[in-house]
Amino acid sequence: MSNAQPRHPVTPALALAASLCLGSLAEAETFESRHHNYEVESVADGLEYPWGLAFLPNGDILVTEKPGRLRILRAGQLLDEPVSGVPEVAYGGQGGLLDIILHPEFKQNRLLFLSYAHDDAGGRTTRVARARYQNGALSDVEVIFEALPRSNTTRHFAGRMAFDRDGYLYVPVGDRGDKPRAQDLGDDAGGVHRITVDGKPAPGNPFFDRNGANATFFTYGNRNIQGMTTHPQTGEIWSHEHGPRGGDEVNVIRAGTNYGWPEITYGIGYSGLPITDKTQAPGMAQPLHYWDPSIAPSGLAIYDGEMFPDWQGDLFVGALKFQKVVRLRVNEREQVEEEEDLLTEMDARIREVKVGPDGALWLLTDDSDGQVLRITTAGSP
């Protein structure tokens, strides 16, 4: 994994965009880690519970705010006017406007995808809408995925998204707080769905021909995935998800896999009572890594930039509960051989982690006055 190649080469245009962003940064704080000393700079603040971000080819950054706004960060300045045309979202509890991801050919077609909670007379659910973005506005907005059945809870919408190398979109849906739903292949909750950009089941999905199973399912037995990314070297989809009290997991998302929730888990219920006495069972996958106690993970990146050569291939996981970023080094046997906590001094709930086009790590903090943070090597421009 140490030989991963950069996914985002730093072109002159991207370097210029990065330099423009730096114009309004606050004074950086310097921190130490095992492999790199690094600085953390605040690029922007004043965001209301930011959740996801996407880097545009022109250097702009789009940031979702959970209450339902899509904001533009341009040259280090957060524009007052939000993007128009965002679909109506159900804001409350864990729901709202969630992730944003660009089509792999965004530069040509201007398409992006938003995940969000939606409410109607039947209850709330996770939706994905496709839209065309141009000049601060969305057009041709179309719902391409809706998890059914709906329910009246405001929990476990999941919503992180990733594209694989074949251009198929992975959409996780949480168990919606109703544990048995995660083992029911006729119920969209509690699994990862793989779809085309038009919302159809992706060809080759593992349950396509199984009676009673929804054809969009790729995996099941997933509690509430809050981090998802495409591995820059292997092309596989990696994720992490919230456990209950303990049992947060890192997994590689592989076709047809049952990840076990709630039949097996390393966590216990919030009440302190056990959910199950099993941590393993035939036909159910073990996590690549788990945390006990829970760190409440959110956001996931696998580093593939040039700014931090000694972090190549490492996983970076945001944590809400313990207010930090966790760095994991995973070997070729998919075993964690090194774990390090970063940013423990900052007292900030980390909602999202991304590798930027400039090779920096970009973070969102989960707060009513949320920030966009940028991690660079100490002394870098």
# chains A, B, ... in the order shown; residues from 1 in each chain; ligands from 1
>>> select_by_dssp(residues="segment 184-287 of chain A", states="strand (DSSP E or B)", output="NGL selection string")
:A and (191-195 or 201 or 217-220 or 225-230 or 237-241 or 245 or 248-253 or 258 or 268)
>>> write_last_selection(atoms="C-alpha atoms", output="JSON list (two decimals), in the first residue's frame")
[["chain", "number", "residue", "atom", "x", "y", "z"],
["A", 191, "GLY", "CA", -26.92, -2.34, 3.46],
["A", 192, "VAL", "CA", -24.95, -0.89, 0.55],
["A", 193, "HIS", "CA", -26.69, -0.42, -2.80],
["A", 194, "ARG", "CA", -24.77, -0.31, -6.09],
["A", 195, "ILE", "CA", -26.54, 1.59, -8.84],
["A", 201, "PRO", "CA", -29.32, -1.82, -10.35],
["A", 217, "PHE", "CA", -28.15, -4.60, -2.90],
["A", 218, "PHE", "CA", -24.39, -5.11, -2.96],
["A", 219, "THR", "CA", -23.87, -5.92, 0.74],
["A", 220, "TYR", "CA", -26.08, -6.19, 3.82],
["A", 225, "ILE", "CA", -22.04, 3.62, 7.35],
["A", 226, "GLN", "CA", -20.66, 7.14, 7.89],
["A", 227, "GLY", "CA", -17.42, 6.90, 5.91],
["A", 228, "MET", "CA", -16.82, 5.56, 2.40],
["A", 229, "THR", "CA", -14.06, 5.96, -0.18],
["A", 230, "THR", "CA", -12.53, 4.26, -3.20],
["A", 237, "ILE", "CA", -14.72, 0.45, -1.84],
["A", 238, "TRP", "CA", -13.70, 0.85, 1.82],
["A", 239, "SER", "CA", -16.02, 2.00, 4.58],
["A", 240, "HIS", "CA", -16.49, 2.41, 8.27],
["A", 241, "GLU", "CA", -19.65, 2.47, 10.29],
["A", 245, "ARG", "CA", -21.55, 1.29, 22.43],
["A", 248, "ASP", "CA", -17.28, 0.76, 15.26],
["A", 249, "GLU", "CA", -15.94, -1.07, 12.20],
["A", 250, "VAL", "CA", -13.66, -0.61, 9.19],
["A", 251, "ASN", "CA", -14.69, -2.87, 6.30],
["A", 252, "VAL", "CA", -13.86, -3.52, 2.67],
["A", 253, "ILE", "CA", -17.17, -3.59, 0.79],
["A", 258, "ASN", "CA", -23.08, -10.07, 5.08],
["A", 268, "ILE", "CA", -23.37, -3.51, 23.30]]
>>> select_by_dssp(residues="segment 68-144 of chain A", states="alpha helix (DSSP H)", output="PyMOL selection string")
chain A and resi 106-109
>>> write_last_selection(atoms="N, CA, C and O atoms", output="short mmCIF file (atom, residue, chain, number, x, y, z; two decimals), in the first residue's frame")
data_model
loop_
_atom_site.label_atom_id
_atom_site.label_comp_id
_atom_site.auth_asym_id
_atom_site.auth_seq_id
_atom_site.Cartn_x
_atom_site.Cartn_y
_atom_site.Cartn_z
N PHE A 106 -17.37 14.78 -14.37
CA PHE A 106 -18.02 16.05 -14.04
C PHE A 106 -17.55 17.19 -14.93
O PHE A 106 -18.35 18.05 -15.32
N LYS A 107 -16.28 17.22 -15.25
CA LYS A 107 -15.75 18.33 -16.04
C LYS A 107 -16.47 18.45 -17.38
O LYS A 107 -16.62 19.56 -17.91
N GLN A 108 -16.91 17.31 -17.91
CA GLN A 108 -17.61 17.32 -19.19
C GLN A 108 -19.12 17.47 -19.03
O GLN A 108 -19.77 18.19 -19.80
N ASN A 109 -19.71 16.78 -18.02
CA ASN A 109 -21.18 16.75 -17.96
C ASN A 109 -21.78 17.58 -16.82
O ASN A 109 -23.01 17.72 -16.76
#
>>> closest_residue(among="A:Gly93, A:Gly174, A:Pro287, A:Gly243", to="Thr126 of chain A", atoms="only C-alpha atoms")
A:Gly174
>>> residues_around(residues="Leu47 of chain A", least_positions_apart="4", cutoff="10 Å", atoms="only C-alpha atoms", output="JSON, numbers by chain")
{"A": [51, 63, 64, 65, 66, 69, 71, 78, 364, 365, 366, 367, 368, 369, 370, 371, 372]}
>>> closest_residue(among="A:Ser115, A:Asn205, A:Ser294, A:Gln312", to="Arg130 of chain A", atoms="only C-alpha atoms")
A:Ser115
>>> atom_distance(atom1="atom CA of Asp99 of chain A", atom2="atom CA of Phe113 of chain A")
8.1 Å
>>> closest_residue(among="A:Gln280, A:Thr376, A:Gln77, A:Asn135", to="Ala44 of chain A", atoms="only C-alpha atoms")
A:Gln77
>>> residues_around(residues="Trp261 of chain A", least_positions_apart="5", cutoff="12 Å", atoms="only C-alpha atoms", output="mmCIF file with C-alpha atoms, in the first residue's frame")
data_model
loop_
_atom_site.group_PDB
_atom_site.id
_atom_site.type_symbol
_atom_site.label_atom_id
_atom_site.label_comp_id
_atom_site.auth_asym_id
_atom_site.auth_seq_id
_atom_site.Cartn_x
_atom_site.Cartn_y
_atom_site.Cartn_z
ATOM 1 C CA GLY A 174 -28.529 2.579 7.724
ATOM 2 C CA ASP A 175 -30.800 0.192 9.597
ATOM 3 C CA GLY A 177 -32.683 2.233 14.208
ATOM 4 C CA ASP A 178 -34.588 -1.009 13.605
ATOM 5 C CA LYS A 179 -31.904 -3.702 13.871
ATOM 6 C CA PRO A 180 -33.581 -6.706 12.153
ATOM 7 C CA ARG A 181 -34.006 -4.716 8.931
ATOM 8 C CA ALA A 182 -30.269 -5.069 8.242
ATOM 9 C CA GLN A 183 -30.677 -8.829 7.631
ATOM 10 C CA ASP A 184 -33.688 -8.489 5.294
ATOM 11 C CA ALA A 189 -32.305 -0.513 5.081
ATOM 12 C CA GLY A 190 -29.057 -1.817 6.541
ATOM 13 C CA GLY A 191 -26.923 -2.339 3.459
ATOM 14 C CA THR A 219 -23.867 -5.922 0.744
ATOM 15 C CA TYR A 220 -26.083 -6.195 3.822
ATOM 16 C CA GLY A 221 -25.808 -6.468 7.594
ATOM 17 C CA ASN A 222 -24.493 -2.871 7.784
ATOM 18 C CA ARG A 223 -25.623 -0.764 10.749
ATOM 19 C CA ASN A 224 -24.888 2.853 9.762
ATOM 20 C CA ILE A 225 -22.040 3.623 7.354
ATOM 21 C CA GLU A 241 -19.649 2.468 10.294
ATOM 22 C CA HIS A 242 -20.953 3.332 13.713
ATOM 23 C CA GLY A 243 -21.317 0.542 16.186
ATOM 24 C CA PRO A 244 -23.596 0.975 19.199
ATOM 25 C CA GLY A 247 -17.980 -2.016 17.785
ATOM 26 C CA ASP A 248 -17.277 0.759 15.264
ATOM 27 C CA GLU A 249 -15.941 -1.068 12.197
ATOM 28 C CA TYR A 266 -18.268 -6.138 19.203
ATOM 29 C CA GLY A 267 -20.541 -3.537 20.774
ATOM 30 C CA ILE A 268 -23.367 -3.505 23.297
ATOM 31 C CA ILE A 275 -27.293 -7.058 21.697
ATOM 32 C CA THR A 276 -25.966 -10.548 21.036
ATOM 33 C CA LYS A 278 -21.769 -13.509 19.302
ATOM 34 C CA THR A 279 -18.858 -11.650 17.727
ATOM 35 C CA GLN A 280 -18.427 -14.233 14.946
ATOM 36 C CA ALA A 281 -20.754 -16.471 12.955
ATOM 37 C CA MET A 284 -20.682 -13.267 8.290
ATOM 38 C CA ALA A 285 -17.611 -11.122 7.733
ATOM 39 C CA GLN A 286 -15.255 -9.953 10.438
ATOM 40 C CA PRO A 287 -14.320 -6.267 10.413
#
>>> residues_around(residues="Asp314 of chain A", least_positions_apart="5", cutoff="9 Å", atoms="only C-alpha atoms", output="mmCIF file with N, CA, C and O atoms, in the first residue's frame")
data_model
loop_
_atom_site.group_PDB
_atom_site.id
_atom_site.type_symbol
_atom_site.label_atom_id
_atom_site.label_comp_id
_atom_site.auth_asym_id
_atom_site.auth_seq_id
_atom_site.Cartn_x
_atom_site.Cartn_y
_atom_site.Cartn_z
ATOM 1 N N MET A 1 0.823 -1.206 0.000
ATOM 2 C CA MET A 1 0.000 0.000 0.000
ATOM 3 C C MET A 1 0.858 1.258 0.000
ATOM 4 O O MET A 1 0.381 2.335 -0.296
ATOM 5 N N SER A 2 2.146 1.122 0.333
ATOM 6 C CA SER A 2 2.992 2.302 0.424
ATOM 7 C C SER A 2 3.342 2.867 -0.938
ATOM 8 O O SER A 2 3.880 3.962 -1.035
ATOM 9 N N ALA A 301 -10.823 8.855 4.445
ATOM 10 C CA ALA A 301 -9.965 9.110 3.290
ATOM 11 C C ALA A 301 -8.795 8.136 3.326
ATOM 12 O O ALA A 301 -8.330 7.748 4.402
ATOM 13 N N ILE A 302 -8.317 7.743 2.162
ATOM 14 C CA ILE A 302 -7.079 6.973 2.028
ATOM 15 C C ILE A 302 -6.088 7.884 1.317
ATOM 16 O O ILE A 302 -6.334 8.325 0.189
ATOM 17 N N TYR A 303 -4.977 8.174 1.981
ATOM 18 C CA TYR A 303 -4.094 9.217 1.469
ATOM 19 C C TYR A 303 -3.352 8.768 0.224
ATOM 20 O O TYR A 303 -2.733 7.696 0.190
ATOM 21 N N ASP A 304 -3.400 9.615 -0.813
ATOM 22 C CA ASP A 304 -2.721 9.311 -2.074
ATOM 23 C C ASP A 304 -2.131 10.566 -2.708
ATOM 24 O O ASP A 304 -1.910 10.617 -3.914
ATOM 25 N N ARG A 327 -5.390 7.909 12.351
ATOM 26 C CA ARG A 327 -4.628 7.414 11.201
ATOM 27 C C ARG A 327 -4.372 5.926 11.389
ATOM 28 O O ARG A 327 -3.868 5.496 12.429
ATOM 29 N N LEU A 328 -4.715 5.143 10.376
ATOM 30 C CA LEU A 328 -4.488 3.702 10.394
ATOM 31 C C LEU A 328 -3.564 3.313 9.255
ATOM 32 O O LEU A 328 -3.776 3.740 8.108
ATOM 33 N N ARG A 329 -2.560 2.506 9.550
ATOM 34 C CA ARG A 329 -1.716 1.925 8.503
ATOM 35 C C ARG A 329 -2.078 0.454 8.375
ATOM 36 O O ARG A 329 -2.036 -0.301 9.346
ATOM 37 N N VAL A 330 -2.459 0.070 7.161
ATOM 38 C CA VAL A 330 -2.937 -1.287 6.895
ATOM 39 C C VAL A 330 -1.958 -1.968 5.943
ATOM 40 O O VAL A 330 -1.573 -1.393 4.913
#
>>> closest_atom_pairs(of="segment 15-118 of chain A", to="segment 138-160 of chain A", cutoff="8 Å", atoms="only C-alpha atoms", output="tab-separated table")
residue	atom	partner	partner_atom	distance
A:Val83	CA	A:Leu138	CA	7.0
A:Ser84	CA	A:Leu138	CA	6.0
A:Gly85	CA	A:Leu138	CA	4.8
A:Val86	CA	A:Leu138	CA	6.6
A:Pro87	CA	A:Val141	CA	7.6
A:Gly92	CA	A:Thr154	CA	6.6
A:Gly93	CA	A:Thr154	CA	5.1
A:Gln94	CA	A:Arg155	CA	5.3
A:Gly95	CA	A:Thr154	CA	6.1
A:Leu98	CA	A:Gly159	CA	6.3
A:Asp99	CA	A:Arg160	CA	5.6
A:Ser115	CA	A:Gly159	CA	5.7
A:Tyr116	CA	A:Gly159	CA	7.0
A:Ala117	CA	A:Phe157	CA	6.9
>>> decode(residues="segment 312-327 of chain A", atoms="N, CA and C atoms", output="PDB file, in the first residue's frame")
ATOM      1  N   GLN A 312       1.493   7.748   2.646  1.00  0.00           N
ATOM      2  CA  GLN A 312       0.903   7.106   1.473  1.00  0.00           C
ATOM      3  C   GLN A 312       0.163   5.825   1.859  1.00  0.00           C
ATOM      4  N   GLY A 313      -1.084   5.705   1.421  1.00  0.00           N
ATOM      5  CA  GLY A 313      -1.884   4.505   1.651  1.00  0.00           C
ATOM      6  C   GLY A 313      -2.526   4.425   3.012  1.00  0.00           C
ATOM      7  N   ASP A 314      -2.247   5.371   3.918  1.00  0.00           N
ATOM      8  CA  ASP A 314      -2.844   5.334   5.252  1.00  0.00           C
ATOM      9  C   ASP A 314      -4.301   5.787   5.202  1.00  0.00           C
ATOM     10  N   LEU A 315      -5.098   5.216   6.112  1.00  0.00           N
ATOM     11  CA  LEU A 315      -6.488   5.612   6.269  1.00  0.00           C
ATOM     12  C   LEU A 315      -6.573   6.739   7.295  1.00  0.00           C
ATOM     13  N   PHE A 316      -7.462   7.701   7.029  1.00  0.00           N
ATOM     14  CA  PHE A 316      -7.725   8.783   7.966  1.00  0.00           C
ATOM     15  C   PHE A 316      -9.223   8.806   8.252  1.00  0.00           C
ATOM     16  N   VAL A 317      -9.551   8.675   9.530  1.00  0.00           N
ATOM     17  CA  VAL A 317     -10.933   8.536   9.976  1.00  0.00           C
ATOM     18  C   VAL A 317     -11.260   9.672  10.927  1.00  0.00           C
ATOM     19  N   GLY A 318     -12.297  10.439  10.628  1.00  0.00           N
ATOM     20  CA  GLY A 318     -12.753  11.453  11.556  1.00  0.00           C
ATOM     21  C   GLY A 318     -13.491  10.812  12.719  1.00  0.00           C
ATOM     22  N   ALA A 319     -13.465  11.470  13.879  1.00  0.00           N
ATOM     23  CA  ALA A 319     -14.156  10.959  15.061  1.00  0.00           C
ATOM     24  C   ALA A 319     -14.971  12.081  15.679  1.00  0.00           C
ATOM     25  N   LEU A 320     -16.239  11.794  15.912  1.00  0.00           N
ATOM     26  CA  LEU A 320     -17.125  12.757  16.549  1.00  0.00           C
ATOM     27  C   LEU A 320     -17.017  12.695  18.064  1.00  0.00           C
ATOM     28  N   LYS A 321     -17.018  11.480  18.615  1.00  0.00           N
ATOM     29  CA  LYS A 321     -17.090  11.325  20.061  1.00  0.00           C
ATOM     30  C   LYS A 321     -15.816  11.785  20.755  1.00  0.00           C
ATOM     31  N   PHE A 322     -14.672  11.304  20.283  1.00  0.00           N
ATOM     32  CA  PHE A 322     -13.410  11.649  20.935  1.00  0.00           C
ATOM     33  C   PHE A 322     -12.704  12.821  20.263  1.00  0.00           C
ATOM     34  N   GLN A 323     -13.356  13.427  19.276  1.00  0.00           N
ATOM     35  CA  GLN A 323     -12.899  14.689  18.706  1.00  0.00           C
ATOM     36  C   GLN A 323     -11.445  14.607  18.252  1.00  0.00           C
ATOM     37  N   LYS A 324     -11.239  13.816  17.212  1.00  0.00           N
ATOM     38  CA  LYS A 324      -9.886  13.607  16.715  1.00  0.00           C
ATOM     39  C   LYS A 324      -9.967  13.043  15.302  1.00  0.00           C
ATOM     40  N   VAL A 325      -8.787  12.859  14.697  1.00  0.00           N
ATOM     41  CA  VAL A 325      -8.640  12.099  13.451  1.00  0.00           C
ATOM     42  C   VAL A 325      -7.743  10.909  13.762  1.00  0.00           C
ATOM     43  N   VAL A 326      -8.166   9.733  13.344  1.00  0.00           N
ATOM     44  CA  VAL A 326      -7.388   8.522  13.571  1.00  0.00           C
ATOM     45  C   VAL A 326      -6.704   8.117  12.268  1.00  0.00           C
ATOM     46  N   ARG A 327      -5.390   7.909  12.351  1.00  0.00           N
ATOM     47  CA  ARG A 327      -4.628   7.414  11.201  1.00  0.00           C
ATOM     48  C   ARG A 327      -4.372   5.926  11.389  1.00  0.00           C
TER      49      ARG A 327
END
